[in-house]
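Source file: upload.tsv (TSV, C-alpha atoms)
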chain	number	residue	atom	x	y	z
A	210	MET	CA	0.00	0.00	0.00
A	211	ALA	CA	1.12	3.54	-0.73
A	212	PRO	CA	2.27	5.77	2.18
A	213	GLY	CA	-0.68	7.57	3.74
A	214	PHE	CA	-3.19	5.15	2.19
A	215	PHE	CA	-4.66	4.09	5.54
A	216	LYS	CA	-5.29	7.73	6.54
A	217	GLN	CA	-7.08	8.28	3.24
A	218	ILE	CA	-9.27	5.27	3.93
A	219	LEU	CA	-10.26	6.51	7.38
A	220	LEU	CA	-11.35	9.90	6.04
A	221	ILE	CA	-13.21	8.39	3.08
A	222	THR	CA	-14.94	6.00	5.49
A	223	ALA	CA	-16.30	9.04	7.34
A	224	PHE	CA	-17.66	10.42	4.07
A	225	ARG	CA	-19.25	7.08	3.36
A	226	LEU	CA	-20.94	7.11	6.76
A	227	LEU	CA	-22.71	10.30	5.70
A	228	LEU	CA	-23.85	8.74	2.41
A	229	ASN	CA	-25.12	5.65	4.19
A	230	THR	CA	-27.05	7.71	6.73
A	231	GLY	CA	-28.65	9.65	3.90
A	232	ARG	CA	-29.76	6.39	2.28
A	233	ARG	CA	-30.87	4.49	5.38
A	234	PHE	CA	-32.56	6.98	7.70
A	235	VAL	CA	-35.87	6.79	5.80
A	236	TYR	CA	-36.35	3.13	6.76
A	237	PRO	CA	-36.95	3.49	10.51
A	238	PHE	CA	-38.52	6.95	10.15
A	239	ALA	CA	-40.87	6.05	7.30
A	240	PRO	CA	-44.00	6.32	9.51
A	241	ALA	CA	-42.89	9.73	10.85
A	242	LEU	CA	-42.02	11.01	7.37
A	243	SER	CA	-45.39	9.87	6.05
A	244	ARG	CA	-47.09	11.90	8.79
A	245	THR	CA	-44.92	14.94	8.09
A	246	LEU	CA	-45.70	14.86	4.38
A	247	ASP	CA	-49.32	13.85	5.01
A	248	VAL	CA	-49.12	10.81	2.74
A	249	PRO	CA	-49.75	7.09	3.38
A	250	LEU	CA	-46.88	4.87	4.48
A	251	THR	CA	-46.90	3.14	1.10
A	252	ALA	CA	-45.99	6.48	-0.51
A	253	VAL	CA	-42.81	6.63	1.59
A	254	THR	CA	-41.90	2.99	0.94
A	255	THR	CA	-42.24	3.85	-2.76
A	256	ILE	CA	-39.54	6.49	-2.25
A	257	ILE	CA	-37.32	3.86	-0.63
A	258	ALA	CA	-37.92	1.38	-3.45
A	259	THR	CA	-37.21	4.00	-6.13
A	260	GLY	CA	-34.04	5.02	-4.30
A	261	GLN	CA	-32.87	1.44	-4.40
A	262	PHE	CA	-33.68	1.35	-8.11
A	263	THR	CA	-30.97	3.99	-8.66
A	264	SER	CA	-28.46	1.21	-7.98
A	265	LEU	CA	-29.15	0.06	-11.52
A	266	LEU	CA	-27.62	3.29	-12.81
A	267	GLY	CA	-24.39	2.26	-11.13
A	268	ILE	CA	-23.67	0.09	-14.15
A	269	PHE	CA	-22.78	3.33	-15.92
A	270	SER	CA	-20.65	4.82	-13.15
A	271	GLY	CA	-18.63	1.62	-12.64
A	272	PRO	CA	-17.07	1.57	-16.14
A	273	LEU	CA	-16.46	5.31	-15.89
A	274	ALA	CA	-14.52	4.78	-12.67
A	275	ASP	CA	-12.43	2.03	-14.28
A	276	ARG	CA	-11.62	4.31	-17.20
A	277	TYR	CA	-11.18	7.75	-15.66
A	278	GLY	CA	-10.40	7.35	-11.99
A	279	TYR	CA	-11.92	6.56	-8.65
A	280	ARG	CA	-11.58	9.98	-7.00
A	281	MET	CA	-13.67	11.67	-9.66
A	282	MET	CA	-16.60	9.29	-9.09
A	283	MET	CA	-16.34	9.44	-5.30
A	284	ARG	CA	-16.52	13.24	-5.38
A	285	ALA	CA	-19.41	13.08	-7.83
A	286	GLY	CA	-21.30	10.86	-5.39
A	287	LEU	CA	-20.88	13.36	-2.57
A	288	ALA	CA	-21.97	16.24	-4.79
A	289	VAL	CA	-25.12	14.36	-5.81
A	290	LEU	CA	-25.92	13.63	-2.14
A	291	ALA	CA	-25.66	17.33	-1.31
A	292	LEU	CA	-27.88	18.31	-4.24
A	293	GLY	CA	-30.59	15.79	-3.37
A	294	MET	CA	-30.77	16.78	0.29
A	295	LEU	CA	-30.83	20.47	-0.62
A	296	ILE	CA	-33.85	19.89	-2.85
A	297	CYS	CA	-35.64	18.20	0.07
A	298	GLY	CA	-34.82	21.09	2.40
A	299	ILE	CA	-35.80	23.87	0.02
A	300	ALA	CA	-39.20	22.41	-0.88
A	301	PRO	CA	-40.37	19.83	1.69
A	302	PHE	CA	-43.37	18.52	-0.23
A	303	TYR	CA	-43.96	14.91	-1.24
A	304	LEU	CA	-42.94	15.14	-4.91
A	305	THR	CA	-39.84	17.25	-4.24
A	306	VAL	CA	-38.81	15.08	-1.29
A	307	PHE	CA	-39.38	12.05	-3.50
A	308	ALA	CA	-37.08	13.52	-6.16
A	309	GLY	CA	-34.49	14.76	-3.66
A	310	LEU	CA	-34.16	11.48	-1.78
A	311	VAL	CA	-33.88	9.51	-5.01
A	312	ILE	CA	-31.14	11.87	-6.23
A	313	ALA	CA	-29.35	11.57	-2.88
A	314	SER	CA	-29.56	7.77	-3.10
A	315	PHE	CA	-27.88	7.94	-6.49
A	316	GLY	CA	-24.90	9.60	-4.76
A	317	LYS	CA	-24.24	6.39	-2.85
A	318	THR	CA	-24.69	4.40	-6.04
A	319	ILE	CA	-21.91	6.40	-7.67
A	320	PHE	CA	-19.61	6.39	-4.65
A	321	ASP	CA	-19.59	2.74	-3.54
A	322	PRO	CA	-18.14	0.91	-6.58
A	323	ALA	CA	-15.39	3.51	-6.80
A	324	ILE	CA	-14.25	3.18	-3.18
A	325	GLN	CA	-14.32	-0.62	-3.26
A	326	ALA	CA	-12.34	-0.73	-6.51
A	327	PHE	CA	-9.95	1.88	-5.08
A	328	VAL	CA	-9.24	-0.41	-2.13
A	329	ALA	CA	-8.91	-3.52	-4.30
A	330	ASN	CA	-6.48	-1.77	-6.62
A	331	ASN	CA	-4.20	-0.88	-3.70
A	332	VAL	CA	-4.51	-3.90	-1.39
A	333	PRO	CA	-3.39	-7.52	-2.13
A	334	TYR	CA	-6.17	-10.15	-2.27
A	335	SER	CA	-4.74	-11.93	0.78
A	336	ARG	CA	-5.41	-8.82	2.90
A	337	ARG	CA	-8.47	-7.45	1.15
A	338	GLY	CA	-11.07	-8.81	3.55
A	339	ARG	CA	-9.47	-6.81	6.35
A	340	MET	CA	-9.45	-3.50	4.47
A	341	ILE	CA	-12.95	-3.92	2.97
A	342	GLY	CA	-14.17	-4.75	6.47
A	343	ILE	CA	-12.75	-1.45	7.71
A	344	ILE	CA	-14.42	0.73	5.08
A	345	GLU	CA	-17.69	-1.13	5.55
A	346	THR	CA	-17.85	-0.02	9.19
A	347	ALA	CA	-19.39	3.11	7.68
A	348	TRP	CA	-22.50	0.99	7.00
A	349	ALA	CA	-22.77	0.03	10.67
A	350	GLY	CA	-21.91	3.59	11.63
A	351	SER	CA	-25.01	4.85	9.86
A	352	THR	CA	-27.25	2.85	12.18
A	353	LEU	CA	-25.03	3.02	15.26
A	354	ILE	CA	-24.21	6.73	15.04
A	355	GLY	CA	-25.86	8.43	12.08
A	356	ILE	CA	-29.52	7.45	12.51
A	357	PRO	CA	-29.66	7.85	16.34
A	358	ALA	CA	-28.00	11.27	15.98
A	359	LEU	CA	-30.43	12.19	13.24
A	360	ALA	CA	-33.33	11.07	15.47
A	361	LEU	CA	-32.29	13.67	18.05
A	362	ILE	CA	-31.84	16.31	15.35
A	363	LEU	CA	-35.25	15.52	13.85
A	364	ASP	CA	-36.87	15.71	17.26
A	365	HIS	CA	-35.48	19.26	17.75
A	366	ILE	CA	-35.44	20.89	14.31
A	367	GLY	CA	-37.69	18.73	12.13
A	368	PHE	CA	-37.19	17.12	8.74
A	369	ARG	CA	-36.71	20.31	6.69
A	370	ASN	CA	-33.73	21.65	8.63
A	371	SER	CA	-32.27	18.17	8.90
A	372	PHE	CA	-32.26	17.89	5.11
A	373	VAL	CA	-30.41	21.21	4.86
A	374	LEU	CA	-27.84	20.02	7.41
A	375	LEU	CA	-27.21	16.83	5.44
A	376	ALA	CA	-26.77	18.90	2.27
A	377	PHE	CA	-24.15	21.07	3.98
A	378	LEU	CA	-22.24	18.04	5.25
A	379	GLY	CA	-22.30	16.51	1.77
A	380	ALA	CA	-20.84	19.66	0.23
A	381	LEU	CA	-18.17	19.86	2.93
A	382	SER	CA	-17.21	16.22	2.29
A	383	TRP	CA	-16.93	16.92	-1.46
A	384	PHE	CA	-14.51	19.74	-0.69
A	385	LEU	CA	-12.38	17.68	1.71
A	386	MET	CA	-12.21	14.76	-0.71
A	387	GLY	CA	-10.11	16.95	-3.00
A	388	PHE	CA	-7.40	16.89	-0.35
A	389	ALA	CA	-7.84	13.31	0.88
A	390	VAL	CA	-7.19	11.50	-2.41
A	391	PRO	CA	-4.79	12.60	-5.18
A	392	PRO	CA	-6.16	12.92	-8.74
A	393	ASP	CA	-6.23	9.69	-10.70
A	394	GLY	CA	-8.16	10.72	-13.81
A	395	GLY	CA	-7.14	10.01	-17.37
A	396	MET	CA	-5.77	6.53	-16.80
A	397	THR	CA	-6.98	2.97	-16.64
A	398	VAL	CA	-6.86	2.59	-12.89
A	399	ALA	CA	-7.51	-1.13	-12.89
A	400	GLY	CA	-4.28	-1.68	-14.77
A	401	GLY	CA	-5.72	-3.38	-17.85
A	402	PRO	CA	-6.75	-2.29	-21.33
A	403	ARG	CA	-9.76	0.00	-21.70
A	404	GLN	CA	-12.98	-1.65	-22.79
A	405	SER	CA	-16.18	-0.28	-24.24
A	406	PHE	CA	-19.21	-0.02	-21.99
A	407	TRP	CA	-21.00	-2.93	-23.66
A	408	ALA	CA	-17.91	-5.13	-23.53
A	409	SER	CA	-17.73	-4.46	-19.81
A	410	MET	CA	-21.39	-5.31	-19.35
A	411	LYS	CA	-21.13	-8.58	-21.27
A	412	GLN	CA	-18.53	-9.84	-18.81
A	413	LEU	CA	-21.07	-9.70	-16.01
A	414	VAL	CA	-23.34	-12.28	-17.63
A	415	ARG	CA	-20.88	-14.32	-19.72
A	416	ILE	CA	-18.44	-15.09	-16.90
A	417	ARG	CA	-20.04	-17.66	-14.61
A	418	PRO	CA	-18.53	-16.47	-11.28
A	419	ALA	CA	-19.73	-12.95	-12.05
A	420	ALA	CA	-23.24	-14.13	-13.00
A	421	GLY	CA	-23.45	-16.29	-9.89
A	422	MET	CA	-22.45	-13.39	-7.64
A	423	LEU	CA	-25.04	-11.13	-9.26
A	424	ALA	CA	-27.80	-13.66	-8.54
A	425	PHE	CA	-26.46	-14.11	-5.01
A	426	ALA	CA	-26.62	-10.33	-4.43
A	427	PHE	CA	-30.22	-10.18	-5.65
A	428	TRP	CA	-31.62	-12.96	-3.46
A	429	ILE	CA	-29.94	-12.02	-0.20
A	430	SER	CA	-30.89	-8.36	-0.68
A	431	VAL	CA	-34.57	-9.19	-1.22
A	432	ALA	CA	-34.38	-11.25	1.96
A	433	ASN	CA	-32.76	-8.63	4.15
A	434	ASP	CA	-34.69	-5.55	3.04
A	435	SER	CA	-38.00	-7.39	3.36
A	436	LEU	CA	-37.25	-7.42	7.07
A	437	PHE	CA	-35.49	-4.07	7.35
A	438	VAL	CA	-38.33	-2.06	5.81
A	439	VAL	CA	-40.98	-3.41	8.22
A	440	TYR	CA	-39.10	-3.69	11.49
A	441	GLY	CA	-40.01	-0.09	12.40
A	442	ALA	CA	-43.70	-0.84	11.83
A	443	TRP	CA	-43.29	-4.10	13.79
A	444	PHE	CA	-41.81	-2.25	16.76
A	445	GLU	CA	-44.47	0.49	16.63
A	446	HIS	CA	-47.32	-2.00	16.33
A	447	ALA	CA	-46.14	-4.62	18.81
A	448	PHE	CA	-44.31	-2.51	21.39
A	449	ALA	CA	-45.71	1.05	20.93
A	450	VAL	CA	-42.28	2.70	20.74
A	451	SER	CA	-41.72	6.47	20.25
A	452	ILE	CA	-39.74	7.96	17.36
A	453	VAL	CA	-36.68	8.53	19.58
A	454	THR	CA	-36.87	4.98	20.94
A	455	LEU	CA	-37.25	3.71	17.40
A	456	GLY	CA	-34.22	5.70	16.33
A	457	PHE	CA	-32.15	4.30	19.16
A	458	SER	CA	-33.40	0.79	18.46
A	459	THR	CA	-31.10	0.92	15.45
A	460	ILE	CA	-28.22	0.64	17.93
A	461	ALA	CA	-28.95	-3.10	18.09
A	462	ILE	CA	-28.70	-3.30	14.29
A	463	GLY	CA	-25.69	-1.01	14.10
A	464	SER	CA	-23.86	-2.99	16.79
A	465	ALA	CA	-24.56	-6.21	14.92
A	466	GLU	CA	-23.34	-4.75	11.66
A	467	LEU	CA	-20.20	-3.39	13.30
A	468	ILE	CA	-19.46	-6.80	14.78
A	469	GLY	CA	-20.12	-8.46	11.41
A	470	GLU	CA	-17.79	-6.03	9.64
A	471	SER	CA	-15.17	-6.47	12.35
A	472	LEU	CA	-15.40	-10.24	12.02
A	473	THR	CA	-14.82	-9.83	8.29
A	474	ALA	CA	-11.76	-7.68	8.93
A	475	LEU	CA	-10.38	-10.09	11.53
A	476	PHE	CA	-11.19	-13.55	10.19
A	477	SER	CA	-12.41	-13.67	6.58
A	478	ASP	CA	-8.91	-13.72	5.08
A	479	LYS	CA	-7.91	-16.52	7.46
A	480	ILE	CA	-11.03	-18.63	6.83
A	481	GLY	CA	-10.98	-17.99	3.09
A	482	LEU	CA	-13.40	-15.53	1.54
A	483	LYS	CA	-15.57	-18.08	-0.29
A	484	ARG	CA	-15.89	-20.37	2.73
A	485	ALA	CA	-16.62	-17.41	5.00
A	486	VAL	CA	-19.49	-16.22	2.77
A	487	ILE	CA	-21.08	-19.69	2.82
A	488	ILE	CA	-20.84	-19.97	6.60
A	489	GLY	CA	-22.26	-16.48	7.10
A	490	LEU	CA	-25.24	-17.08	4.83
A	491	ILE	CA	-26.16	-20.34	6.57
A	492	LEU	CA	-26.11	-18.54	9.92
A	493	ALA	CA	-28.23	-15.68	8.52
A	494	THR	CA	-30.84	-18.16	7.27
A	495	ALA	CA	-31.07	-19.72	10.71
A	496	ALA	CA	-31.39	-16.26	12.31
A	497	TYR	CA	-34.33	-15.33	10.07
A	498	ILE	CA	-36.15	-18.51	11.09
A	499	MET	CA	-35.56	-17.82	14.80
A	500	LEU	CA	-36.67	-14.16	14.77
A	501	PRO	CA	-40.46	-14.52	15.23
A	502	LEU	CA	-39.93	-17.32	17.72
A	503	ILE	CA	-37.84	-15.26	20.13
A	504	GLY	CA	-39.19	-11.74	19.43
A	505	GLN	CA	-41.89	-11.75	22.12
A	506	ASN	CA	-40.89	-8.41	23.73
A	507	LEU	CA	-38.84	-5.39	22.71
A	508	GLY	CA	-35.60	-6.65	24.25
A	509	LEU	CA	-35.84	-10.09	22.67
A	510	ALA	CA	-36.93	-8.59	19.34
A	511	MET	CA	-33.80	-6.41	19.33
A	512	PHE	CA	-31.70	-9.46	20.16
A	513	GLY	CA	-33.27	-11.33	17.25
A	514	LEU	CA	-32.48	-8.46	14.90
A	515	PHE	CA	-28.95	-8.48	16.27
A	516	LEU	CA	-28.51	-12.13	15.28
A	517	VAL	CA	-29.91	-11.49	11.80
A	518	PHE	CA	-27.76	-8.49	11.05
A	519	VAL	CA	-24.46	-9.72	12.49
A	520	SER	CA	-24.60	-12.81	10.28
A	521	PHE	CA	-25.94	-10.97	7.23
A	522	GLU	CA	-23.36	-8.20	7.49
A	523	PHE	CA	-20.48	-10.66	7.81
A	524	THR	CA	-21.82	-12.41	4.70
A	525	ILE	CA	-22.27	-9.41	2.45
A	526	VAL	CA	-19.10	-7.54	3.46
A	527	THR	CA	-17.01	-10.65	2.87
A	528	SER	CA	-18.73	-11.07	-0.50
A	529	PHE	CA	-17.56	-7.56	-1.49
A	530	SER	CA	-13.96	-8.62	-1.02
A	531	LEU	CA	-14.62	-11.77	-3.05
A	532	CYS	CA	-16.26	-9.81	-5.88
A	533	THR	CA	-13.33	-7.45	-6.33
A	534	GLU	CA	-11.27	-10.38	-7.67
A	535	VAL	CA	-13.88	-11.97	-9.95
A	536	ILE	CA	-12.97	-9.67	-12.88
A	537	PRO	CA	-9.66	-8.07	-11.78
A	538	GLY	CA	-9.37	-5.84	-14.86
A	539	SER	CA	-12.82	-4.30	-14.32
A	540	ARG	CA	-13.22	-4.11	-10.57
A	541	ALA	CA	-15.48	-1.06	-10.41
A	542	THR	CA	-17.64	-2.49	-13.18
A	543	MET	CA	-18.02	-5.78	-11.31
A	544	MET	CA	-18.83	-4.02	-8.06
A	545	ALA	CA	-21.29	-1.70	-9.80
A	546	GLY	CA	-23.06	-4.71	-11.29
A	547	TYR	CA	-23.10	-6.47	-7.93
A	548	LEU	CA	-24.48	-3.41	-6.15
A	549	ALA	CA	-26.99	-2.83	-8.94
A	550	MET	CA	-28.39	-6.33	-8.49
A	551	ALA	CA	-28.40	-5.84	-4.73
A	552	GLY	CA	-30.33	-2.60	-5.26
A	553	VAL	CA	-32.88	-4.34	-7.47
A	554	GLY	CA	-33.20	-6.99	-4.77
A	555	ARG	CA	-33.79	-4.34	-2.11
A	556	MET	CA	-36.39	-2.69	-4.32
A	557	PHE	CA	-38.26	-5.99	-4.67
A	558	GLY	CA	-37.87	-6.58	-0.95
A	559	VAL	CA	-39.33	-3.18	-0.09
A	560	LEU	CA	-42.28	-3.66	-2.45
A	561	ALA	CA	-42.99	-7.22	-1.37
A	562	ALA	CA	-42.61	-6.57	2.35
A	563	GLY	CA	-45.74	-4.45	2.66
A	564	PHE	CA	-47.94	-7.15	1.16
A	565	VAL	CA	-46.33	-9.96	3.16
A	566	TRP	CA	-46.52	-7.89	6.35
A	567	ASP	CA	-50.24	-7.23	5.87
A	568	TRP	CA	-50.89	-10.87	5.03
A	569	ALA	CA	-48.70	-12.80	7.49
A	570	GLY	CA	-46.93	-10.37	9.83
A	571	ILE	CA	-43.39	-10.84	11.06
A	572	GLY	CA	-43.66	-14.63	10.77
A	573	GLY	CA	-44.31	-14.40	7.04
A	574	ILE	CA	-41.47	-11.91	6.56
A	575	ALA	CA	-39.03	-14.19	8.40
A	576	ALA	CA	-40.05	-17.26	6.39
A	577	LEU	CA	-39.69	-15.37	3.11
A	578	SER	CA	-36.24	-14.06	4.08
A	579	ALA	CA	-35.02	-17.53	5.02
A	580	LEU	CA	-36.24	-19.08	1.76
A	581	LEU	CA	-34.66	-16.39	-0.40
A	582	SER	CA	-31.37	-16.76	1.47
A	583	VAL	CA	-31.33	-20.42	0.43
A	584	PHE	CA	-31.75	-19.29	-3.19
A	585	GLY	CA	-28.75	-17.01	-2.66
A	586	LEU	CA	-26.63	-19.89	-1.38
A	587	ILE	CA	-27.51	-22.01	-4.41
A	588	SER	CA	-26.53	-19.15	-6.75
A	589	LEU	CA	-23.21	-18.68	-4.96
A	590	LEU	CA	-22.31	-22.38	-5.12
A	591	TRP	CA	-23.18	-22.55	-8.83
A	592	GLY	CA	-21.22	-19.44	-9.75
A	593	LEU	CA	-18.07	-20.18	-7.79
A	594	HIS	CA	-17.90	-23.92	-8.43
A	595	GLY	CA	-14.30	-24.62	-9.41
A	596	TRP	CA	-13.32	-20.93	-9.16
A	597	SER	CA	-10.27	-19.59	-7.35
A	598	PRO	CA	-8.56	-16.17	-7.46
A	599	GLN	CA	-5.74	-17.66	-9.52
A	600	ALA	CA	-7.95	-19.61	-11.93
A	601	PRO	CA	-9.24	-18.11	-15.19
A	602	ALA	CA	-12.89	-17.09	-15.16
A	603	VAL	CA	-15.36	-19.53	-16.71
A	604	GLN	CA	-17.68	-18.14	-19.36
A	605	ASN	CA	-21.30	-19.22	-19.71
A	606	ASN	CA	-22.24	-20.84	-22.99
Using the file provided, produce a representation of the structure as structure tokens.
Amino acid sequence: MAPGFFKQILLITAFRLLLNTGRRFVYPFAPALSRTLDVPLTAVTTIIATGQFTSLLGIFSGPLADRYGYRMMMRAGLAVLALGMLICGIAPFYLTVFAGLVIASFGKTIFDPAIQAFVANNVPYSRRGRMIGIIETAWAGSTLIGIPALALILDHIGFRNSFVLLAFLGALSWFLMGFAVPPDGGMTVAGGPRQSFWASMKQLVRIRPAAGMLAFAFWISVANDSLFVVYGAWFEHAFAVSIVTLGFSTIAIGSAELIGESLTALFSDKIGLKRAVIIGLILATAAYIMLPLIGQNLGLAMFGLFLVFVSFEFTIVTSFSLCTEVIPGSRATMMAGYLAMAGVGRMFGVLAAGFVWDWAGIGGIAALSALLSVFGLISLLWGLHGWSPQAPAVQNN
């Protein structure tokens, strides 16, 4: 690694925490936002689903990052976050908030493939799980720090001023990024020959390990977001929690995610990335099944969520490290495709969750999540059968 690389990573991780908070805060506060905007809850979940749909547009930003540099795309993501939040703050009405939050979500879509490819391009595969685990603590930080802090801010200054504050922080992060990472534009940062956009896209479906990882991302994301989008409603309905209590309930999730990311950093390289992903997904499936059985009061429900998210986070963060080596010459493209499929999965999860929740409650949600996780495991085993980091990728016929 280059001198000063670790300091760059720490600062960029802080920027990523802001992006993740901007994407995730709507989930637990969906009921409160629906009341503020005077719209039904389904109108807010539609915002969430559309925001996840922006992940599909990452297939364009990934090849751009591989061609022109990672810093440019990371700064672009922060600028888009600031713009989206500013729109929400200036005109806090449903349609403008809808547009602003979707734009802000696209900032994360632009940023994530670039930072993961940036790490992969500077860190050997044998140590990549550790470094990816470190930058992914920003995901846990959004629930452990960002959302509880935002709950207090919302309680004091309301949604409108909170949107303006997030816009200011996004703009400040864009400015600081110019000093944190040196320019890398105008070169093929992945170290290989430049490819056309369509050539890059074809790799994602023609190379079996890539196709298997895309399917894996879809299924496990449907499973997890089906639960994540309704847990706030579950807590409100079953335990009559306040908005501040609901905000701080994310500490259980954030702690689980932080532990999962830390376990990735500490052990995934030693276990082997592929084996670690399989183990994590099996544990996540078991945790989904257990959730309605143990969630009989608020404390036990939080503990159940803890088990779900610690295993899921270990699984998905380790899978990021694995994905960065599936197509080494197009790392940002591969990660953009992976995150795009995960975003589509989250969109389906958000849309399906409302119907399943109304029909079968938390028990139905848990059963659905467990079943879809099994589909994810099958996709992973098919895609990575016979694959190793040193072996040539296998193309589908």
Pick from A:Ala576, A:Ile468, A:Gly213, A:Gly481 nearest to Leu502 (chain A), counting only C-alpha atoms: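 Between A:Ala576, A:Ile468, A:Gly213, A:Gly481, the residue approaching Leu502 (chain A) most closely is A:Ala576.
Every polymer residue reaching to within 10 Å of (-23.7, -11.6, 5.7), counting only C-alpha atoms, appears in this list: A:Ile429, A:Asn433, A:Glu466, A:Gly469, A:Glu470, A:Thr473, A:Ala485, A:Val486, A:Ile487, A:Ile488, A:Gly489, A:Leu490, A:Ile491, A:Leu492, A:Ala493, A:Thr494, A:Val517, A:Phe518, A:Val519, A:Ser520, A:Phe521, A:Glu522, A:Phe523, A:Thr524, A:Ile525, A:Val526, A:Thr527, A:Ser528.
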Between CA of Trp566 (chain A) and CA of Tyr303 (chain A), measure the distance and give it in Å to one decimal.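 Separation of CA of Trp566 (chain A) and CA of Tyr303 (chain A): 24.2 Å.
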Which of these, A:Pro322, A:Gly508, A:Gly592, A:Pro501, has the shortest distance to Ala579 (chain A) once you count all atoms listed in the file?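 Counting all atoms listed in the file, the residue closest to Ala579 (chain A) is A:Pro501.
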At most 10 Å from (-13.6, 8.1, 6.1), file frame, all atoms listed in the file: which residues, as a count of residues only? 20
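The gap separating CA of Ala510 (chain A) from CA of Ala349 (chain A) is 18.7 Å, in Å to one decimal.
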Considering all atoms listed in the file, state which residue in the set A:Phe444, A:Ser582, A:Met556, A:Tyr547 is at the smallest distance from Leu514 (chain A).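 Ranking A:Phe444, A:Ser582, A:Met556, A:Tyr547 by distance to Leu514 (chain A), first place goes to A:Phe444.
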Judged by only C-alpha atoms, the minimum distance to Val559 (chain A) among A:Leu467, A:Val439, A:Cys297, A:Ala380 is found for A:Val439
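Pairwise distance (CA of Ile296 (chain A), CA of Val453 (chain A)) equals 25.3 Å.
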Long-range neighbours of Tyr279 (chain A) as number ranges by chain, 7 Å cut-off, only C-alpha atoms, 4 positions minimum in chain: A: 274, 283, 323-324, 327, 393
Export of the given selection (C-alpha atoms) as a JSON list (two decimals), in the frame of the given file:
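Result saved to again.json:
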[["chain", "number", "residue", "atom", "x", "y", "z"],
["A", 274, "ALA", "CA", -14.52, 4.78, -12.67],
["A", 283, "MET", "CA", -16.34, 9.44, -5.30],
["A", 323, "ALA", "CA", -15.39, 3.51, -6.80],
["A", 324, "ILE", "CA", -14.25, 3.18, -3.18],
["A", 327, "PHE", "CA", -9.95, 1.88, -5.08],
["A", 393, "ASP", "CA", -6.23, 9.69, -10.70]]
Find the residue from A:Arg284, A:Arg369, A:Lys317, A:Arg336 that sits nearest to Leu381 (chain A); use all atoms listed in the file when measuring.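 Closest to Leu381 (chain A), using all atoms listed in the file: A:Arg284.
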Select, from A:Ala419, A:Ala442, A:Leu378, A:Ile460, the residue with the minimum atom-to-atom distance to Thr254 (chain A), counting only C-alpha atoms.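 Counting only C-alpha atoms, the residue closest to Thr254 (chain A) is A:Ala442.
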Fewer than 6 positions away in the same chain doesn't count, so skip those; otherwise give me all residues within 8 Å of Leu353 (chain A), counting all atoms listed in the file, as JSON, numbers by chain. {"A": [459, 460, 461, 462, 463, 464]}
Once you add 8 Å to each side, what are the centre and edge lengths of the axis-aligned box holding all listed atoms of region 530-541 of chain A? One decimal in Å, as lines of an AutoDock Vina configuration file, if you can.
center_x = -12.8
center_y = -6.5
center_z = -7.9
size_x = 22.9
size_y = 26.9
size_z = 29.8
I'd like the contact shell of Gly585 (chain A) - 7 Å cut-off, all atoms listed in the file, skipping same-chain residues fewer than 4 positions apart - returned as a ChimeraX atom specification. /A:424-425,428-429,581,589
If we count all atoms listed in the file and set the cut-off at 9 Å, which residues sit around Val553 (chain A), ignoring sequence neighbours fewer than 5 positions away in its own chain? Please answer as a PyMOL selection string. chain A and resi 258+261-265+427+430-431+548+558
Give me the residues within 9 Å of region 446-449 of chain A as a ChimeraX atom specification, counting all atoms listed in the file and dropping any in the same chain fewer than 4 places off. /A:441-442,505-507
